[in-house]
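Trainee: protein.txt is reproduced in full below (compact mmCIF, C-alpha atoms).
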# COMPACT_ATOMS: atom_id res chain seq x y z
CA MET A 5 18.32 -24.43 -52.92
CA ASN A 6 20.16 -25.16 -49.68
CA GLY A 7 19.06 -24.14 -46.19
CA LEU A 8 21.12 -20.96 -46.03
CA GLU A 9 19.91 -19.77 -49.45
CA ARG A 10 16.34 -20.39 -48.37
CA PHE A 11 16.97 -18.39 -45.20
CA GLU A 12 18.42 -15.52 -47.24
CA ARG A 13 15.31 -15.48 -49.40
CA TRP A 14 13.02 -15.40 -46.34
CA ALA A 15 15.14 -12.62 -44.84
CA GLY A 16 14.77 -10.64 -48.09
CA ASP A 17 10.98 -11.02 -47.87
CA ALA A 18 11.01 -10.23 -44.13
CA ARG A 19 12.70 -6.87 -44.80
CA ARG A 20 9.50 -5.68 -46.47
CA GLU A 21 7.39 -6.41 -43.42
CA ALA A 22 5.56 -3.41 -41.97
CA ALA A 23 6.52 -2.60 -38.39
CA PRO A 24 4.18 -1.00 -35.84
CA ALA A 25 4.88 2.68 -35.24
CA PRO A 26 3.76 3.55 -31.71
CA ASP A 27 3.69 7.18 -30.54
CA VAL A 28 5.92 7.03 -27.47
CA ALA A 29 6.71 10.73 -26.95
CA PHE A 30 4.30 11.19 -24.05
CA ALA A 31 5.32 7.94 -22.33
CA VAL A 32 9.03 8.80 -22.70
CA LEU A 33 8.54 12.26 -21.18
CA GLU A 34 6.51 10.73 -18.38
CA ARG A 35 9.29 8.24 -17.62
CA LEU A 36 11.89 10.99 -17.68
CA ALA A 37 9.87 13.04 -15.20
CA ARG A 38 10.09 10.31 -12.54
CA PRO A 39 12.46 11.13 -9.64
CA GLU A 40 14.88 8.24 -10.32
CA ALA A 41 15.18 9.38 -13.93
CA ALA A 42 15.81 12.95 -12.75
CA ALA A 43 18.65 11.74 -10.53
CA SER A 44 20.28 9.83 -13.38
CA ARG A 45 19.71 12.76 -15.73
CA HIS A 46 21.68 15.04 -13.42
CA PRO A 47 24.79 13.07 -12.47
CA ALA A 48 25.77 15.65 -9.85
CA LEU A 49 22.36 15.33 -8.16
CA GLY A 50 22.57 11.53 -8.34
CA ALA A 51 26.06 11.56 -6.83
CA PHE A 52 24.97 14.03 -4.14
CA LEU A 53 21.98 11.85 -3.24
CA SER A 54 24.04 8.67 -3.10
CA VAL A 55 26.88 10.32 -1.14
CA GLY A 56 24.29 11.99 1.09
CA SER A 57 22.54 8.72 1.89
CA VAL A 58 25.85 6.96 2.68
CA ALA A 59 26.91 9.89 4.89
CA ALA A 60 23.56 9.84 6.71
CA LEU A 61 23.83 6.09 7.36
CA ALA A 62 27.41 6.48 8.58
CA ALA A 63 26.40 9.33 10.89
CA LEU A 64 23.56 7.22 12.30
CA GLY A 65 25.96 4.31 12.90
CA PHE A 66 28.50 6.51 14.68
CA ALA A 67 25.78 8.12 16.78
CA GLY A 68 24.57 4.66 17.86
CA LEU A 69 28.09 3.59 18.68
CA PHE A 70 28.83 6.69 20.76
CA TYR A 71 25.51 6.42 22.55
CA GLY A 72 26.22 2.75 23.37
CA ILE A 73 29.71 3.56 24.70
CA ALA A 74 28.42 6.55 26.68
CA VAL A 75 25.66 4.50 28.37
CA VAL A 76 28.00 1.62 29.21
CA GLU A 77 30.63 4.03 30.60
CA TRP A 78 27.99 6.02 32.44
CA GLN A 79 26.68 2.90 34.15
CA SER A 80 30.11 1.37 34.86
CA LEU A 81 31.17 4.54 36.69
CA GLY A 82 27.96 4.54 38.71
CA LEU A 83 27.13 8.06 37.51
CA ASP A 84 23.60 7.05 36.66
CA GLN A 85 23.03 6.03 40.31
CA LEU A 86 24.59 9.26 41.50
CA ILE A 87 22.32 11.36 39.30
CA ALA A 88 19.31 9.24 40.27
CA GLY A 89 20.11 9.99 43.93
CA TRP A 90 20.09 13.74 43.27
CA MET A 91 16.79 13.62 41.49
CA PRO A 92 13.72 14.46 43.60
CA MET B 39 25.88 18.53 -36.95
CA GLU B 40 25.10 21.23 -39.52
CA PRO B 41 24.16 24.66 -38.16
CA CYS B 42 20.66 24.33 -39.72
CA ASP B 43 20.26 20.77 -38.43
CA PRO B 44 17.05 20.65 -36.36
CA ASP B 45 18.64 17.99 -34.13
CA ALA B 46 21.38 20.39 -33.01
CA GLY B 47 18.94 22.90 -31.57
CA ASP B 48 16.74 20.24 -30.00
CA VAL B 49 19.72 18.48 -28.38
CA ARG B 50 20.97 21.80 -26.98
CA ASP B 51 17.50 22.75 -25.69
CA SER B 52 16.96 19.25 -24.22
CA LEU B 53 20.21 19.58 -22.32
CA SER B 54 19.03 22.93 -21.00
CA GLY B 55 16.00 21.16 -19.55
CA ASP B 56 13.34 21.80 -22.20
CA PRO B 57 11.24 18.59 -22.32
CA GLU B 58 9.38 19.70 -25.47
CA ALA B 59 12.68 19.77 -27.38
CA PHE B 60 13.29 16.13 -26.54
CA ALA B 61 9.68 15.29 -27.43
CA ARG B 62 10.38 16.74 -30.91
CA ILE B 63 13.41 14.41 -31.22
CA VAL B 64 11.28 11.44 -30.17
CA ARG B 65 8.55 12.30 -32.70
CA ARG B 66 11.13 12.79 -35.46
CA TYR B 67 12.81 9.41 -34.97
CA GLN B 68 10.25 7.13 -33.31
CA ALA B 69 9.09 5.47 -36.55
CA GLU B 70 12.67 4.69 -37.59
CA ILE B 71 13.61 3.36 -34.15
CA ALA B 72 10.37 1.35 -33.93
CA ARG B 73 11.09 -0.23 -37.32
CA LEU B 74 14.62 -1.16 -36.21
CA LEU B 75 13.48 -2.56 -32.86
CA TRP B 76 10.75 -4.65 -34.51
CA ARG B 77 13.70 -6.91 -35.42
CA PHE B 78 14.34 -7.37 -31.70
CA ALA B 79 10.90 -7.68 -30.14
CA ARG B 80 7.80 -8.83 -32.00
CA GLU B 81 5.23 -8.54 -29.27
CA ARG B 82 3.55 -5.12 -29.44
CA THR B 83 3.71 -4.19 -25.74
CA THR B 84 7.30 -5.34 -25.35
CA HIS B 85 8.24 -3.62 -28.59
CA GLU B 86 6.73 -0.33 -27.45
CA GLU B 87 8.55 -0.57 -24.12
CA LEU B 88 11.78 -1.24 -25.94
CA VAL B 89 11.28 1.84 -28.12
CA GLN B 90 10.68 3.88 -24.97
CA ASP B 91 13.78 2.36 -23.33
CA ALA B 92 15.89 3.40 -26.31
CA PHE B 93 14.73 7.04 -26.06
CA VAL B 94 15.11 7.12 -22.28
CA GLU B 95 18.69 5.80 -22.68
CA ALA B 96 19.29 8.38 -25.41
CA TYR B 97 18.15 11.16 -23.10
CA ARG B 98 20.42 9.93 -20.32
CA GLY B 99 23.35 9.79 -22.69
CA LEU B 100 22.59 13.02 -24.53
CA ARG B 101 25.68 14.72 -23.11
CA SER B 102 27.84 12.02 -24.71
CA PHE B 103 26.59 12.99 -28.19
CA ARG B 104 29.44 15.10 -29.51
CA GLY B 105 27.61 16.34 -32.58
CA THR B 106 30.32 15.17 -34.97
CA GLY B 107 28.22 12.44 -36.65
CA ARG B 108 24.59 12.03 -37.61
CA PHE B 109 22.20 12.07 -34.68
CA ALA B 110 20.15 9.26 -36.30
CA ALA B 111 23.23 7.00 -36.38
CA TRP B 112 24.00 7.75 -32.72
CA LEU B 113 20.38 6.99 -31.81
CA GLY B 114 20.48 3.78 -33.88
CA ARG B 115 23.48 2.56 -31.86
CA ILE B 116 21.58 3.14 -28.62
CA ALA B 117 18.52 1.33 -29.99
CA VAL B 118 20.53 -1.68 -31.17
CA ARG B 119 22.25 -1.93 -27.80
CA ALA B 120 18.88 -1.70 -26.03
CA GLY B 121 17.57 -4.51 -28.26
CA TYR B 122 20.65 -6.64 -27.67
CA ALA B 123 20.39 -6.12 -23.88
CA PHE B 124 16.74 -7.21 -24.14
CA TRP B 125 17.74 -10.46 -25.89
CA LYS B 126 20.40 -11.13 -23.29
CA ARG B 127 17.88 -10.61 -20.47
CA ARG B 128 15.45 -12.94 -22.24
CA ALA B 129 18.17 -15.57 -22.79
CA ARG B 130 19.15 -15.34 -19.13
CA ASP B 131 15.52 -15.70 -18.00
CA ARG B 132 15.01 -18.46 -20.61
CA LEU B 133 11.99 -16.72 -22.10
CA ARG B 134 10.92 -16.87 -25.71
CA PRO B 135 12.50 -13.79 -27.32
CA TRP B 136 9.82 -13.32 -29.95
CA GLY B 137 6.13 -12.57 -29.81
CA ALA B 138 3.08 -14.56 -30.72
CA ALA B 139 1.69 -14.42 -34.26
CA GLU B 140 -1.50 -12.64 -33.18
CA ASP B 141 0.58 -9.71 -31.99
CA LEU B 142 1.90 -8.94 -35.44
CA PRO B 143 0.76 -5.66 -37.04
CA GLU B 144 -1.99 -5.48 -39.58
CA SER B 145 -1.09 -4.32 -43.07
CA GLU B 146 -3.18 -3.76 -46.17
CA ALA B 147 -0.24 -3.86 -48.60
CA SER B 148 -0.18 -6.68 -51.11
CA GLY B 149 2.41 -9.32 -50.28
CA ALA B 150 2.31 -8.23 -46.63
CA SER B 151 1.28 -11.68 -45.49
CA ASP B 152 4.25 -13.21 -47.40
CA ALA B 153 6.58 -10.73 -45.74
CA ARG B 154 5.00 -11.44 -42.37
CA SER B 155 5.21 -15.21 -42.66
CA ALA B 156 8.81 -14.93 -43.91
CA ALA B 157 9.61 -12.66 -40.96
CA GLU B 158 7.96 -15.13 -38.61
CA ARG B 159 10.12 -17.97 -39.96
CA VAL B 160 13.30 -15.91 -39.78
CA HIS B 161 12.66 -14.66 -36.24
CA ARG B 162 11.70 -18.11 -35.01
CA LEU B 163 14.96 -19.53 -36.34
CA LEU B 164 17.08 -16.67 -35.05
CA SER B 165 15.45 -16.88 -31.63
CA GLU B 166 17.06 -20.31 -31.27
CA MET B 167 20.49 -18.73 -31.49
CA ARG B 168 22.74 -17.03 -28.96
CA PRO B 169 22.15 -13.27 -28.64
CA ARG B 170 25.48 -12.29 -30.21
CA ASP B 171 25.01 -14.60 -33.22
CA ARG B 172 21.49 -13.34 -33.58
CA LEU B 173 22.60 -9.71 -33.44
CA VAL B 174 25.10 -10.08 -36.26
CA LEU B 175 22.73 -12.13 -38.44
CA THR B 176 19.81 -9.77 -37.80
CA LEU B 177 21.82 -6.72 -38.78
CA GLN B 178 23.30 -8.49 -41.80
CA TYR B 179 20.25 -10.23 -43.23
CA LEU B 180 17.25 -8.30 -41.94
CA GLU B 181 18.76 -4.82 -41.88
CA GLY B 182 21.09 -5.38 -44.84
CA ARG B 183 24.00 -3.68 -43.01
CA THR B 184 27.64 -3.87 -44.04
CA VAL B 185 30.44 -5.12 -41.77
CA GLY B 186 31.43 -1.51 -41.00
CA GLU B 187 27.86 -0.57 -40.09
CA ILE B 188 27.41 -3.66 -37.92
CA SER B 189 30.66 -2.81 -36.16
CA ASP B 190 29.46 0.75 -35.55
CA LEU B 191 26.02 -0.32 -34.35
CA SER B 192 27.12 -3.20 -32.13
CA GLY B 193 30.38 -1.85 -30.74
CA LEU B 194 32.24 -4.97 -31.95
CA SER B 195 35.43 -4.52 -33.97
CA ARG B 196 35.25 -5.13 -37.74
CA ALA B 197 37.40 -8.27 -37.38
CA MET B 198 35.13 -9.54 -34.61
CA VAL B 199 32.02 -8.90 -36.72
CA LYS B 200 33.51 -10.96 -39.59
CA VAL B 201 34.45 -13.84 -37.26
CA GLN B 202 31.11 -13.68 -35.47
CA ALA B 203 29.18 -13.63 -38.76
CA TRP B 204 31.12 -16.61 -40.08
CA ARG B 205 30.50 -18.63 -36.90
CA ALA B 206 26.85 -17.56 -36.70
CA ARG B 207 26.24 -18.59 -40.33
CA ALA B 208 27.80 -22.00 -39.65
CA ARG B 209 25.52 -22.45 -36.62
CA LEU B 210 22.52 -21.25 -38.62
CA LYS B 211 23.33 -23.73 -41.37
CA ARG B 212 23.37 -26.59 -38.87
CA LEU B 213 20.12 -25.34 -37.36
CA LEU B 214 18.50 -25.20 -40.82
CA GLU B 215 19.67 -28.74 -41.57
CA ARG B 216 18.12 -29.94 -38.31
CA GLU B 217 14.90 -28.06 -39.16
CA GLY B 218 14.86 -29.72 -42.58
CA GLU B 219 15.15 -33.16 -41.01
CA ARG B 220 12.07 -32.60 -38.81
Do you think you could lay out the structure here as structure tokens?
Mentor:
Amino acid sequence: MNGLERFERWAGDARREAAPAPDVAFAVLERLARPEAAASRHPALGAFLSVGSVAALAALGFAGLFYGIAVVEWQSLGLDQLIAGWMP
Amino acid sequence: MEPCDPDAGDVRDSLSGDPEAFARIVRRYQAEIARLLWRFARERTTHEELVQDAFVEAYRGLRSFRGTGRFAAWLGRIAVRAGYAFWKRRARDRLRPWGAAEDLPESEASGASDARSAAERVHRLLSEMRPRDRLVLTLQYLEGRTVGEISDLSGLSRAMVKVQAWRARARLKRLLEREGER
């Protein structure tokens, strides 16, 4: 009997091996109830969340940029000094 | 699916957000999926996680089930792909893709120890092979699947399955010769 024939015989025996049969229903439902699973279960929600987070980051970036420009401009025109002079 | 098919109603109810309907699907098929995935992971904890992964993936892809074929076959494809992805992760991380002997299940049936030791030998040999070779050989020798079934389960074309099986057998033969020399 060559190597491959021996392997085929072992494989035939291995087919009869008993496999464990865990009860996974509860664990599966628990995993599906997690928020990340809920997002992937509802593609529209997932897309909304991902688009929403990108939009929020972009808005924050633009706000920072505008604030920076406004402060620099404000100071270069001397308006901050002017307003400080009016303040009591 | 047939109108009286219990899967049809449970798939529909699962998609409507009824978790108990999906739990019924899990309970109906978990033994079959666990038996199939025992070919992929032989350590109890990993095996159980893999069975869970297969059902979680099935739930996520439930909308893609068109109801034209058997639900069990569709689920089997997902399980095989989950098992194959597991082997690929293990190969990438260079971990042993099979469990220790003490993790094997107990069985009272006569001849169970022969089957177990044969399975141990087979899995140890196959774990030395590349994931794709191992997939084709596992489905062919341990599951007794035909070329058409392997193609359906793995997503490879029939021609590719034949080529892959031929190459994998040649590599296995060399591996067995090396084993015999030791």
Trainee: Calculate how many Å separate CA of Ala88 in chain A from CA of Gly72 in chain A, rounding to one decimal.
Mentor: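 Going from CA of Ala88 in chain A over to CA of Gly72 in chain A, I get 19.4 Å.
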Trainee: Would you mind reading off the distance between CA of Ser192 in chain B and CA of Arg38 in chain A, one decimal, in Å?
Mentor: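 These two atoms are separated by 29.3 Å.
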Trainee: Where does chain B meet chain A within 6 Å, residue by residue, with the nearest atom pair and distance in Å to one decimal for each, counting all atoms listed in the file, listed by chain and rising number, as a tab-separated table?
Mentor:
residue	atom	partner	partner_atom	distance
B:Ala61	CA	A:Ala29	CA	5.5
B:Val64	CA	A:Ala29	CA	5.6
B:Ala69	CA	A:Ala25	CA	5.2
B:Ala72	CA	A:Ala25	CA	5.8
B:Arg73	CA	A:Ala23	CA	5.3
B:Gln90	CA	A:Val32	CA	5.7
B:Arg98	CA	A:Arg45	CA	5.4
B:Pro143	CA	A:Pro24	CA	5.9
B:Ala153	CA	A:Ala18	CA	4.7
B:Arg154	CA	A:Glu21	CA	5.7
B:Ala156	CA	A:Trp14	CA	4.9
B:Ala157	CA	A:Ala18	CA	4.2
B:Tyr179	CA	A:Ala15	CA	5.9
B:Leu180	CA	A:Arg19	CA	5.6
B:Lys211	CA	A:Leu8	CA	5.9
B:Leu214	CA	A:Gly7	CA	5.5
Trainee: Quick check, in Å to one decimal: how far apart do CA of Arg50 in chain B and CA of Ala111 in chain B lie?
Mentor: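 CA of Ala111 in chain B lies 17.7 Å from CA of Arg50 in chain B.
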Trainee: Name all residues at most 8 Å from range 125-133 of chain B (count only C-alpha atoms; drop same-chain ones fewer than 4 positions away) and give them as number ranges by chain.
Mentor: B: 78, 121, 168-169
Trainee: Counting all atoms listed in the file, figure out which residue out of B:Ile188, B:Asp171, B:Ser102, B:Pro57 gets nearest to Gln202 in chain B.
Mentor: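 Selected residue with least distance to Gln202 in chain B: B:Asp171.
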Trainee: Compare B:Arg77, B:Gly218, B:Phe93, B:Gly99 by their minimum atom-to-atom distance to Leu177 in chain B, counting all atoms listed in the file, and give me the closest one.
Mentor: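 Selected residue with least distance to Leu177 in chain B: B:Arg77.
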Trainee: Mind checking which residues fall within 9 Å of Glu95 in chain B, counting only C-alpha atoms, ignoring those fewer than 5 positions away in the same chain, and posting them as a list of chain:residue names?
Mentor: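 Surrounding residues, per the criterion: B:Gln90, B:Leu100, B:Ile116, B:Ala117, B:Ala120.
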